[in-house]
>>> print(open('start-v2.txt').read())   # compact mmCIF, C-alpha atoms
# COMPACT_ATOMS: atom_id res chain seq x y z
CA MET A 12 88.22 121.98 113.78
CA GLN A 13 91.64 120.37 113.86
CA GLU A 14 90.19 117.52 115.92
CA ARG A 15 87.32 117.01 113.49
CA ALA A 16 89.74 116.90 110.54
CA GLU A 17 91.78 114.27 112.41
CA ALA A 18 88.66 112.17 113.05
CA THR A 19 87.71 112.38 109.38
CA ARG A 20 91.20 111.39 108.29
CA ARG A 21 91.10 108.39 110.62
CA TYR A 22 87.63 107.42 109.35
CA LEU A 23 88.82 107.59 105.74
CA VAL A 24 91.99 105.63 106.55
CA GLU A 25 89.84 102.83 108.00
CA ALA A 26 87.42 102.80 105.06
CA ALA A 27 90.36 102.74 102.63
CA ALA A 28 92.05 100.00 104.69
CA GLN A 29 89.01 97.75 104.30
CA LEU A 30 89.21 98.08 100.52
CA PHE A 31 93.01 97.87 100.23
CA GLU A 32 92.92 94.73 102.38
CA GLU A 33 90.22 93.12 100.18
CA ARG A 34 91.31 94.27 96.74
CA GLY A 35 94.88 95.51 96.98
CA TYR A 36 96.33 98.82 95.86
CA ALA A 37 95.73 98.50 92.10
CA GLY A 38 92.22 97.08 92.64
CA THR A 39 91.01 100.02 94.74
CA SER A 40 90.01 103.43 93.39
CA ILE A 41 89.16 106.70 95.09
CA SER A 42 85.56 106.24 93.90
CA ASP A 43 85.43 102.81 95.59
CA ILE A 44 86.59 104.52 98.79
CA SER A 45 84.00 107.24 98.26
CA ALA A 46 81.25 104.61 97.91
CA ARG A 47 82.44 102.67 100.97
CA SER A 48 82.86 105.72 103.19
CA GLY A 49 79.86 107.75 102.02
CA ARG A 50 82.14 110.79 101.47
CA THR A 51 82.59 112.49 98.11
CA SER A 52 85.78 111.97 96.10
CA GLY A 53 86.37 115.70 96.52
CA ALA A 54 86.32 115.35 100.31
CA ILE A 55 88.81 112.45 100.09
CA TYR A 56 91.16 114.42 97.83
CA PHE A 57 90.87 117.38 100.20
CA HIS A 58 92.35 115.23 102.99
CA PHE A 59 94.83 113.08 101.03
CA THR A 60 95.43 114.67 97.58
CA SER A 61 96.04 111.21 95.94
CA LYS A 62 95.50 107.46 96.25
CA GLU A 63 99.27 107.10 96.89
CA LYS A 64 99.00 109.46 99.89
CA LEU A 65 96.04 107.53 101.26
CA ALA A 66 97.91 104.23 100.90
CA LEU A 67 100.92 105.78 102.65
CA ALA A 68 98.61 106.97 105.46
CA VAL A 69 97.42 103.35 105.93
CA ILE A 70 101.02 102.10 106.05
CA GLU A 71 101.97 104.87 108.49
CA ALA A 72 98.95 104.05 110.68
CA THR A 73 100.17 100.44 110.74
CA LEU A 74 103.70 101.43 111.76
CA ALA A 75 102.24 103.83 114.35
CA THR A 76 100.48 100.87 116.02
CA TRP A 77 103.73 99.43 117.39
CA PRO A 78 105.34 102.05 119.66
CA ALA A 79 102.44 101.90 122.16
CA VAL A 80 102.43 98.08 122.03
CA ILE A 81 106.19 97.97 122.60
CA ALA A 82 106.02 100.54 125.43
CA GLN A 83 103.32 98.52 127.20
CA VAL A 84 105.33 95.30 127.02
CA ARG A 85 108.55 97.03 128.10
CA ALA A 86 106.79 98.56 131.12
CA SER A 87 106.02 95.11 132.57
CA SER A 88 108.30 93.58 135.18
CA ALA A 89 108.47 90.22 133.38
CA PRO A 90 111.82 88.75 132.27
CA ALA A 91 112.99 90.03 128.88
CA LEU A 92 112.38 86.74 127.05
CA ASP A 93 108.78 86.71 128.31
CA LYS A 94 108.38 90.26 127.07
CA LEU A 95 109.61 89.18 123.65
CA VAL A 96 107.19 86.23 123.51
CA SER A 97 104.30 88.41 124.68
CA LEU A 98 105.11 91.11 122.14
CA SER A 99 105.17 88.58 119.31
CA PHE A 100 101.68 87.31 120.18
CA THR A 101 100.26 90.82 120.41
CA VAL A 102 101.70 91.64 116.99
CA ALA A 103 100.48 88.34 115.49
CA ARG A 104 96.93 89.00 116.74
CA ALA A 105 97.00 92.51 115.28
CA PHE A 106 98.03 91.07 111.91
CA ARG A 107 95.17 88.59 112.15
CA ASP A 108 92.42 90.90 113.50
CA ASP A 109 93.18 94.58 112.80
CA VAL A 110 92.03 95.66 109.33
CA VAL A 111 94.40 98.66 109.21
CA VAL A 112 97.40 96.46 110.05
CA ARG A 113 96.30 93.81 107.54
CA ALA A 114 95.85 96.47 104.85
CA GLY A 115 99.20 98.07 105.74
CA SER A 116 100.84 94.67 105.41
CA ARG A 117 99.25 93.97 102.01
CA LEU A 118 100.14 97.47 100.76
CA TRP A 119 103.69 96.99 101.95
CA THR A 120 104.04 93.79 99.90
CA GLU A 121 102.63 95.73 96.94
CA ARG A 122 104.89 98.72 97.63
CA LYS A 123 106.63 98.56 94.24
CA ALA A 124 103.28 99.44 92.61
CA ILE A 125 102.85 102.54 94.82
CA ASP A 126 104.42 105.65 93.35
CA ALA A 127 105.99 106.89 96.60
CA ALA A 128 108.79 106.02 99.03
CA VAL A 129 107.24 103.45 101.38
CA PRO A 130 108.83 103.19 104.84
CA GLY A 131 109.86 99.66 105.88
CA PRO A 132 109.26 98.01 109.23
CA PHE A 133 112.52 96.05 109.54
CA ALA A 134 115.01 98.40 111.15
CA GLY A 135 112.64 99.17 114.04
CA TRP A 136 111.83 95.52 114.76
CA ILE A 137 115.48 94.48 114.56
CA ALA A 138 116.38 97.21 117.07
CA THR A 139 113.55 96.26 119.47
CA VAL A 140 114.25 92.51 119.40
CA THR A 141 118.00 93.00 119.77
CA GLU A 142 117.46 95.30 122.75
CA LEU A 143 115.22 92.71 124.48
CA LEU A 144 117.85 90.02 123.85
CA ARG A 145 120.55 92.27 125.35
CA GLU A 146 118.29 92.72 128.38
CA ALA A 147 117.89 88.91 128.57
CA ARG A 148 121.68 88.58 128.46
CA ALA A 149 122.02 91.05 131.36
CA GLN A 150 119.43 89.01 133.29
CA GLY A 151 121.48 85.84 132.72
CA GLU A 152 118.65 84.28 130.72
CA LEU A 153 120.47 83.90 127.41
CA ALA A 154 122.58 80.87 126.44
CA VAL A 155 126.28 81.77 126.42
CA SER A 156 126.65 81.06 122.69
CA VAL A 157 123.88 83.45 121.67
CA VAL A 158 124.96 86.83 120.25
CA PRO A 159 122.02 89.27 120.70
CA GLU A 160 122.81 91.17 117.47
CA THR A 161 122.77 88.15 115.12
CA ALA A 162 120.12 86.23 117.07
CA GLY A 163 117.93 89.34 116.86
CA LEU A 164 118.18 89.24 113.07
CA ALA A 165 117.33 85.52 112.99
CA VAL A 166 114.28 86.07 115.22
CA VAL A 167 113.02 88.94 113.04
CA TYR A 168 113.54 86.89 109.85
CA ALA A 169 111.65 83.96 111.39
CA PHE A 170 108.74 86.22 112.36
CA PHE A 171 108.40 87.84 108.98
CA GLY A 172 108.55 84.40 107.36
CA LEU A 173 105.93 83.09 109.78
CA HIS A 174 103.62 85.97 108.83
CA THR A 175 104.12 85.33 105.11
CA VAL A 176 103.48 81.59 105.43
CA SER A 177 100.47 82.12 107.72
CA ASP A 178 98.95 84.64 105.33
CA ALA A 179 99.43 82.28 102.37
CA MET A 180 98.25 79.14 104.17
CA ASP A 181 95.04 80.29 105.87
CA GLY A 182 94.80 84.10 105.90
CA ARG A 183 96.58 83.99 109.31
CA ALA A 184 93.76 82.04 111.06
CA GLY A 185 96.34 79.58 112.48
CA ILE A 186 99.04 82.12 113.29
CA GLU A 187 98.92 81.68 117.10
CA ASP A 188 99.48 77.91 116.87
CA ARG A 189 102.35 78.42 114.43
CA LEU A 190 103.83 81.05 116.72
CA ARG A 191 103.75 78.71 119.73
CA GLU A 192 105.50 76.03 117.67
CA LEU A 193 108.13 78.54 116.52
CA TRP A 194 108.81 79.74 120.06
CA GLU A 195 109.33 76.17 121.26
CA VAL A 196 112.18 75.93 118.74
CA LEU A 197 113.60 79.42 119.30
CA LEU A 198 113.54 79.32 123.09
CA LEU A 199 115.39 76.00 123.12
CA ALA A 200 118.14 77.80 121.22
CA LEU A 201 118.04 81.09 123.13
CA GLN A 202 117.53 80.15 126.77
CA ALA A 203 120.45 79.66 129.15
CA GLU A 204 118.68 76.72 130.80
CA PRO A 205 116.17 75.27 128.40
CA ASP A 206 113.98 73.66 131.07
CA PRO A 207 111.15 72.07 129.01
CA ASP A 208 108.46 72.90 131.61
CA ALA A 209 109.45 76.55 132.00
CA LEU A 210 109.59 76.77 128.22
CA LEU A 211 106.03 75.52 127.85
CA VAL A 212 104.74 78.02 130.42
CA ARG A 213 106.62 80.78 128.64
CA VAL A 214 105.12 79.91 125.27
CA HIS A 215 101.63 78.85 126.24
CA GLY A 216 101.07 81.40 129.00
CA PRO A 217 101.00 84.65 127.02
CA ALA A 218 98.39 83.35 124.59
CA SER A 219 95.76 83.06 127.34
CA ALA A 220 96.94 85.44 130.07
CA PRO A 221 98.46 88.92 129.67
CA LEU A 222 101.75 89.77 131.36
CA PRO A 223 101.54 91.20 134.88
CA ALA A 224 102.00 94.98 134.80
CA MET B 6 107.32 71.62 65.71
CA GLN B 7 106.62 70.70 69.35
CA GLU B 8 110.20 71.57 70.21
CA ARG B 9 110.01 74.91 68.47
CA ALA B 10 106.78 75.76 70.28
CA GLU B 11 108.52 74.92 73.56
CA ALA B 12 111.48 77.17 72.69
CA THR B 13 109.11 80.03 71.83
CA ARG B 14 107.19 79.57 75.08
CA ARG B 15 110.45 79.65 77.05
CA TYR B 16 111.61 82.76 75.15
CA LEU B 17 108.32 84.53 75.90
CA VAL B 18 108.43 83.48 79.57
CA GLU B 19 111.88 85.07 79.87
CA ALA B 20 110.86 88.28 78.12
CA ALA B 21 107.75 88.51 80.29
CA ALA B 22 109.83 87.75 83.41
CA GLN B 23 112.09 90.75 82.71
CA LEU B 24 109.06 93.04 82.61
CA PHE B 25 107.18 91.48 85.54
CA GLU B 26 110.36 91.77 87.61
CA GLU B 27 110.81 95.46 86.71
CA ARG B 28 107.20 96.65 86.71
CA GLY B 29 105.11 94.03 88.50
CA TYR B 30 101.97 92.28 87.32
CA ALA B 31 99.64 95.30 87.09
CA GLY B 32 102.36 97.45 85.46
CA THR B 33 103.01 95.01 82.59
CA SER B 34 100.77 94.60 79.54
CA ILE B 35 100.78 92.08 76.70
CA SER B 36 101.80 94.91 74.36
CA ASP B 37 104.82 95.69 76.61
CA ILE B 38 105.78 92.02 76.32
CA SER B 39 105.24 92.19 72.57
CA ALA B 40 107.56 95.21 72.31
CA ARG B 41 110.23 93.61 74.53
CA SER B 42 110.14 90.23 72.77
CA GLY B 43 109.65 91.40 69.19
CA ARG B 44 106.68 89.01 68.82
CA THR B 45 103.15 90.15 67.97
CA SER B 46 100.47 90.20 70.67
CA GLY B 47 98.64 87.60 68.58
CA ALA B 48 101.63 85.24 68.81
CA ILE B 49 101.77 85.74 72.58
CA TYR B 50 98.04 85.04 72.98
CA PHE B 51 98.44 81.97 70.76
CA HIS B 52 100.86 80.51 73.32
CA PHE B 53 99.36 81.78 76.60
CA THR B 54 95.75 82.98 75.96
CA SER B 55 95.99 85.65 78.72
CA LYS B 56 98.35 87.74 80.87
CA GLU B 57 97.26 85.63 83.88
CA LYS B 58 98.39 82.45 82.09
CA LEU B 59 101.74 84.03 81.23
CA ALA B 60 102.26 85.13 84.85
CA LEU B 61 101.38 81.62 86.01
CA ALA B 62 103.91 80.21 83.53
CA VAL B 63 106.62 82.43 85.10
CA ILE B 64 105.65 81.26 88.61
CA GLU B 65 105.62 77.63 87.44
CA ALA B 66 109.04 78.07 85.79
CA THR B 67 110.32 79.40 89.13
CA LEU B 68 108.94 76.42 91.06
CA ALA B 69 110.33 74.08 88.37
CA THR B 70 113.84 75.42 89.08
CA TRP B 71 114.08 73.67 92.45
CA PRO B 72 113.69 69.90 91.89
CA ALA B 73 116.94 69.73 89.88
CA VAL B 74 118.76 71.90 92.44
CA ILE B 75 117.49 69.71 95.30
CA ALA B 76 118.37 66.48 93.45
CA GLN B 77 121.93 67.70 92.84
CA VAL B 78 122.46 68.60 96.50
CA ARG B 79 120.89 65.34 97.70
CA ALA B 80 123.16 63.31 95.39
CA SER B 81 126.29 64.58 97.15
CA SER B 82 127.93 62.51 99.87
CA ALA B 83 128.22 65.47 102.26
CA PRO B 84 126.59 65.37 105.71
CA ALA B 85 122.92 66.40 105.68
CA LEU B 86 123.51 69.73 107.46
CA ASP B 87 126.10 70.68 104.83
CA LYS B 88 123.61 69.79 102.13
CA LEU B 89 121.07 72.09 103.75
CA VAL B 90 123.55 74.98 103.97
CA SER B 91 124.66 74.43 100.37
CA LEU B 92 121.06 74.28 99.13
CA SER B 93 120.22 77.55 100.87
CA PHE B 94 123.11 79.38 99.17
CA THR B 95 122.16 78.02 95.75
CA VAL B 96 118.58 79.18 96.24
CA ALA B 97 119.69 82.59 97.56
CA ARG B 98 121.91 83.14 94.51
CA ALA B 99 119.05 82.19 92.19
CA PHE B 100 116.83 84.75 93.90
CA ARG B 101 119.56 87.35 93.47
CA ASP B 102 120.66 86.54 89.90
CA ASP B 103 117.96 84.63 87.95
CA VAL B 104 115.41 86.97 86.36
CA VAL B 105 112.74 84.26 86.07
CA VAL B 106 113.06 83.39 89.77
CA ARG B 107 113.05 87.08 90.74
CA ALA B 108 109.96 87.69 88.60
CA GLY B 109 108.27 84.56 89.98
CA SER B 110 108.97 85.81 93.49
CA ARG B 111 107.55 89.27 92.79
CA LEU B 112 104.48 87.80 91.07
CA TRP B 113 103.95 85.50 94.00
CA THR B 114 103.86 88.44 96.43
CA GLU B 115 101.39 90.08 94.06
CA ARG B 116 99.36 86.88 93.68
CA LYS B 117 96.12 88.41 95.06
CA ALA B 118 96.04 90.68 92.00
CA ILE B 119 96.35 87.73 89.59
CA ASP B 120 92.99 86.27 88.64
CA ALA B 121 94.03 82.61 88.97
CA ALA B 122 94.96 80.06 91.62
CA VAL B 123 98.67 80.59 92.25
CA PRO B 124 100.60 77.60 93.62
CA GLY B 125 102.66 78.29 96.77
CA PRO B 126 106.22 77.22 97.44
CA PHE B 127 105.96 76.47 101.16
CA ALA B 128 104.80 72.86 101.44
CA GLY B 129 107.64 71.67 99.19
CA TRP B 130 110.36 73.56 101.06
CA ILE B 131 109.04 72.47 104.46
CA ALA B 132 109.12 68.83 103.29
CA THR B 133 112.66 69.12 101.85
CA VAL B 134 114.15 70.85 104.90
CA THR B 135 112.43 68.48 107.35
CA GLU B 136 113.74 65.48 105.41
CA LEU B 137 117.32 66.81 105.51
CA LEU B 138 116.99 67.42 109.27
CA ARG B 139 115.73 63.82 109.73
CA GLU B 140 118.77 62.67 107.78
CA ALA B 141 120.99 64.79 110.06
CA ARG B 142 119.33 63.18 113.08
CA ALA B 143 120.08 59.71 111.68
CA GLN B 144 123.69 60.80 111.16
CA GLY B 145 123.91 61.90 114.81
CA GLU B 146 124.50 65.48 113.75
CA LEU B 147 121.44 67.04 115.35
CA ALA B 148 121.26 68.28 118.94
CA VAL B 149 119.07 65.97 121.07
CA SER B 150 116.53 68.69 121.80
CA VAL B 151 115.87 69.47 118.13
CA VAL B 152 112.65 68.05 116.63
CA PRO B 153 113.12 67.88 112.82
CA GLU B 154 109.44 68.66 112.10
CA THR B 155 109.23 71.90 114.10
CA ALA B 156 112.83 72.95 113.46
CA GLY B 157 112.14 72.48 109.73
CA LEU B 158 109.29 74.98 109.97
CA ALA B 159 111.47 77.48 111.85
CA VAL B 160 114.25 77.18 109.25
CA VAL B 161 111.80 77.73 106.37
CA TYR B 162 110.23 80.74 108.13
CA ALA B 163 113.69 82.23 108.72
CA PHE B 164 114.63 81.78 105.06
CA PHE B 165 111.50 83.36 103.69
CA GLY B 166 111.93 86.26 106.12
CA LEU B 167 115.58 86.63 105.10
CA HIS B 168 114.53 86.84 101.45
CA THR B 169 111.87 89.47 102.21
CA VAL B 170 114.24 91.59 104.28
CA SER B 171 117.07 91.25 101.72
CA ASP B 172 114.75 92.25 98.89
CA ALA B 173 113.51 95.30 100.82
CA MET B 174 116.95 96.37 102.07
CA ASP B 175 119.11 96.17 98.94
CA GLY B 176 117.34 94.19 96.21
CA ARG B 177 119.09 91.07 97.61
CA ALA B 178 122.64 92.35 96.86
CA GLY B 179 123.72 91.45 100.43
CA ILE B 180 121.82 88.18 100.70
CA GLU B 181 124.89 85.91 100.93
CA ASP B 182 126.34 87.82 103.90
CA ARG B 183 122.97 87.78 105.66
CA LEU B 184 122.66 84.06 104.96
CA ARG B 185 126.07 83.34 106.50
CA GLU B 186 125.08 85.31 109.61
CA LEU B 187 121.77 83.44 109.83
CA TRP B 188 123.47 80.04 109.54
CA GLU B 189 125.88 80.92 112.34
CA VAL B 190 122.83 81.36 114.59
CA LEU B 191 120.87 78.37 113.28
CA LEU B 192 123.74 75.88 113.32
CA LEU B 193 124.55 76.75 116.93
CA ALA B 194 120.99 75.70 117.73
CA LEU B 195 120.80 72.65 115.43
CA GLN B 196 124.18 70.95 115.72
CA ALA B 197 124.82 68.19 118.22
CA GLU B 198 128.32 69.51 118.89
CA PRO B 199 128.43 73.18 118.00
CA ASP B 200 132.19 73.35 117.52
CA PRO B 201 132.76 76.99 116.47
CA ASP B 202 135.50 76.10 113.96
CA ALA B 203 133.53 73.35 112.22
CA LEU B 204 130.59 75.75 112.15
CA LEU B 205 132.58 78.43 110.37
CA VAL B 206 133.80 75.96 107.74
CA ARG B 207 130.27 74.73 107.27
CA VAL B 208 128.93 78.24 106.72
CA HIS B 209 131.78 79.86 104.86
CA GLY B 210 132.82 76.87 102.77
CA PRO B 211 129.79 76.44 100.52
CA ALA B 212 129.78 80.07 99.45
CA SER B 213 133.11 79.70 97.67
CA ALA B 214 133.44 75.97 96.93
CA PRO B 215 130.74 73.58 95.69
CA LEU B 216 130.04 70.35 97.58
CA PRO B 217 132.00 67.25 96.52
CA ALA B 218 129.82 65.04 94.31
>>> encode(input="start-v2.txt", output="structure tokens")
Amino acid sequence: MQERAEATRRYLVEAAAQLFEERGYAGTSISDISARSGRTSGAIYFHFTSKEKLALAVIEATLATWPAVIAQVRASSAPALDKLVSLSFTVARAFRDDVVVRAGSRLWTERKAIDAAVPGPFAGWIATVTELLREARAQGELAVSVVPETAGLAVVYAFFGLHTVSDAMDGRAGIEDRLRELWEVLLLALQAEPDPDALLVRVHGPASAPLPA
Amino acid sequence: MQERAEATRRYLVEAAAQLFEERGYAGTSISDISARSGRTSGAIYFHFTSKEKLALAVIEATLATWPAVIAQVRASSAPALDKLVSLSFTVARAFRDDVVVRAGSRLWTERKAIDAAVPGPFAGWIATVTELLREARAQGELAVSVVPETAGLAVVYAFFGLHTVSDAMDGRAGIEDRLRELWEVLLLALQAEPDPDALLVRVHGPASAPLPA
């Protein structure tokens, strides 16, 4: 029973995500979600009690996407800077292709309209990026002048900005090309020995081939 | 008469900006704006015809803030990188303190809910930053490895991300400190000779003293 309730919740979260992504929070009603999902409004309220709760569930499902992605990247034996590049492409593709993540992102930008405390993604990403930069420092890969704590902030800012610009420019269709361009700039600044050839492999590799496990 | 109509439009844009900034686009009605401004709904519709048009006027007033700010910075005789730092602090303060700019920013993030084509700020900022970096290159201030066109994109991404994070973290109260920290990272990457002392003057100067004309 518990399992079936979980499956229904997940099904409703995905149906709601489609609508939130298309129409936003204010533009989506429980009866729209009922029509899209083929479940009664009563069934939806049974699982989520309000539209706010359903929107929060979509945002939480988005945030819950990352720990597994991060764990997979961290488990690889690649150098830390490669892990960081790889992680950024995986996240960018999710923002382009995954309707729950896209809806979570739109809802997050509309969070002031949602009558509930909406958790933010920043602290977690800042911690993850800073940790990978510290690892790169320990591996001797980081330029001497780079401070992992402040560079981590700059990298996170640049990524959030890239996502905003990509969303506004072309609905994120061109996000991988923009990400490659951004890494060419960032790696020149971060790497201890910014060898142009190694840099190109680092940036252009992960887009076509996954990291070795 | 023309002048008086202009003054009324500006007054209504500011009253509407206060409400859009507090409550967002969906949460603000023409009758709220009527109550706040002391003008009848009929008078508001006479000037703007719809809530969409009024929201667009707030966004356009925000975008119209920048040409004068950019012209003032460009007119100074300071080195191009100092102009860029100075410009970024002026813009950050406007986003923290100017209710029209804050409202324009919120409306822009809510643009999908506004039934009208909303102009974006990115192309203009990318052009301005890239031009200043080209000027810095001509002045011999830019590190050899830096390409103004791609570095300009990275700087713009980082700034938009900084604004998003600052807004989410503390309503932009701490934006100047975050901006100083970001410049310490960016200037290390951009400057031809990243002398730590010159860098600190560059970053910490503009916050307290304006550029020489």
>>> atom_distance(input="start-v2.txt", atom1="CA of Glu140 in chain B", atom2="CA of Pro84 in chain B")
8.5 Å
>>> closest_residue(input="start-v2.txt", among="A:Ala124, A:Ile186, A:Ile70, A:Ala138", to="chain B", atoms="all atoms listed in the file")
A:Ala124
>>> atom_distance(input="start-v2.txt", atom1="CA of Pro153 in chain B", atom2="CA of Arg139 in chain B")
5.7 Å
>>> residues_around(input="start-v2.txt", residues="range 100-112 of chain A", least_positions_apart="3", cutoff="10 Å", atoms="all atoms listed in the file", output="PyMOL selection string")
chain A and resi 24-33+69-77+80-81+84+95-97+115-118+170+173-174+177-178+182-187+190-191+214+217-218+221
>>> closest_atom_pairs(input="start-v2.txt", of="chain A", to="chain B", cutoff="6 Å", atoms="all atoms listed in the file", output="tab-separated table")
residue	atom	partner	partner_atom	distance
A:Ala165	CA	B:Leu187	CA	5.8
A:Tyr168	CA	B:Gly166	CA	4.1
A:Ala169	CA	B:Ala163	CA	3.8
A:Phe171	CA	B:Gly166	CA	4.8
A:Gly172	CA	B:Gly166	CA	4.1
A:Leu173	CA	B:Tyr162	CA	5.2
A:Leu193	CA	B:Ala159	CA	5.8
A:Ala200	CA	B:Ala194	CA	5.0
>>> atom_distance(input="start-v2.txt", atom1="CA of Ala154 in chain A", atom2="CA of Glu198 in chain B")
14.8 Å
>>> residues_near_point(input="start-v2.txt", point="(119.4, 65.7, 96.9)", cutoff="10 Å", atoms="all atoms listed in the file", output="list in words")
Pro72, Ala73, Val74, Ile75, Ala76, Gln77, Val78, Arg79, Ala80, Ser81, Ser82, Ala85, Lys88, Leu89, Leu92, Thr133 and Leu137 of chain B
>>> residues_near_point(input="start-v2.txt", point="(97.6, 111.1, 99.6)", cutoff="12 Å", atoms="only C-alpha atoms", output="ChimeraX atom specification")
/A:20,23-24,27,41,55-71,125-127
>>> axis_aligned_box(input="start-v2.txt", around="range 41-54 of chain A", padding_each_side="8 Å", output="JSON")
{"center_x": 84.5, "center_y": 109.2, "center_z": 98.5, "size_x": 25.3, "size_y": 29.0, "size_z": 25.3}
>>> decode(input="start-v2.txt", residues="range 138-159 of chain B", atoms="C-alpha atoms", output="compact mmCIF listing (two decimals), in the first residue's frame")
# COMPACT_ATOMS: atom_id res chain seq x y z
CA LEU B 138 37.35 44.20 -21.84
CA ARG B 139 38.48 45.06 -25.40
CA GLU B 140 39.43 48.49 -24.11
CA ALA B 141 41.39 46.83 -21.27
CA ARG B 142 43.16 44.65 -23.84
CA ALA B 143 44.14 47.77 -25.84
CA GLN B 144 45.45 49.32 -22.61
CA GLY B 145 47.60 46.22 -21.97
CA GLU B 146 45.69 45.48 -18.79
CA LEU B 147 44.30 42.09 -19.77
CA ALA B 148 46.11 38.78 -19.28
CA VAL B 149 47.27 37.36 -22.64
CA SER B 150 45.10 34.26 -22.32
CA VAL B 151 41.86 36.22 -21.83
CA VAL B 152 39.55 36.48 -24.86
CA PRO B 153 37.29 39.55 -24.33
CA GLU B 154 34.30 37.94 -26.08
CA THR B 155 34.15 34.77 -23.97
CA ALA B 156 35.39 36.42 -20.77
CA GLY B 157 32.63 39.02 -21.24
CA LEU B 158 30.04 36.25 -21.23
CA ALA B 159 31.54 34.67 -18.10
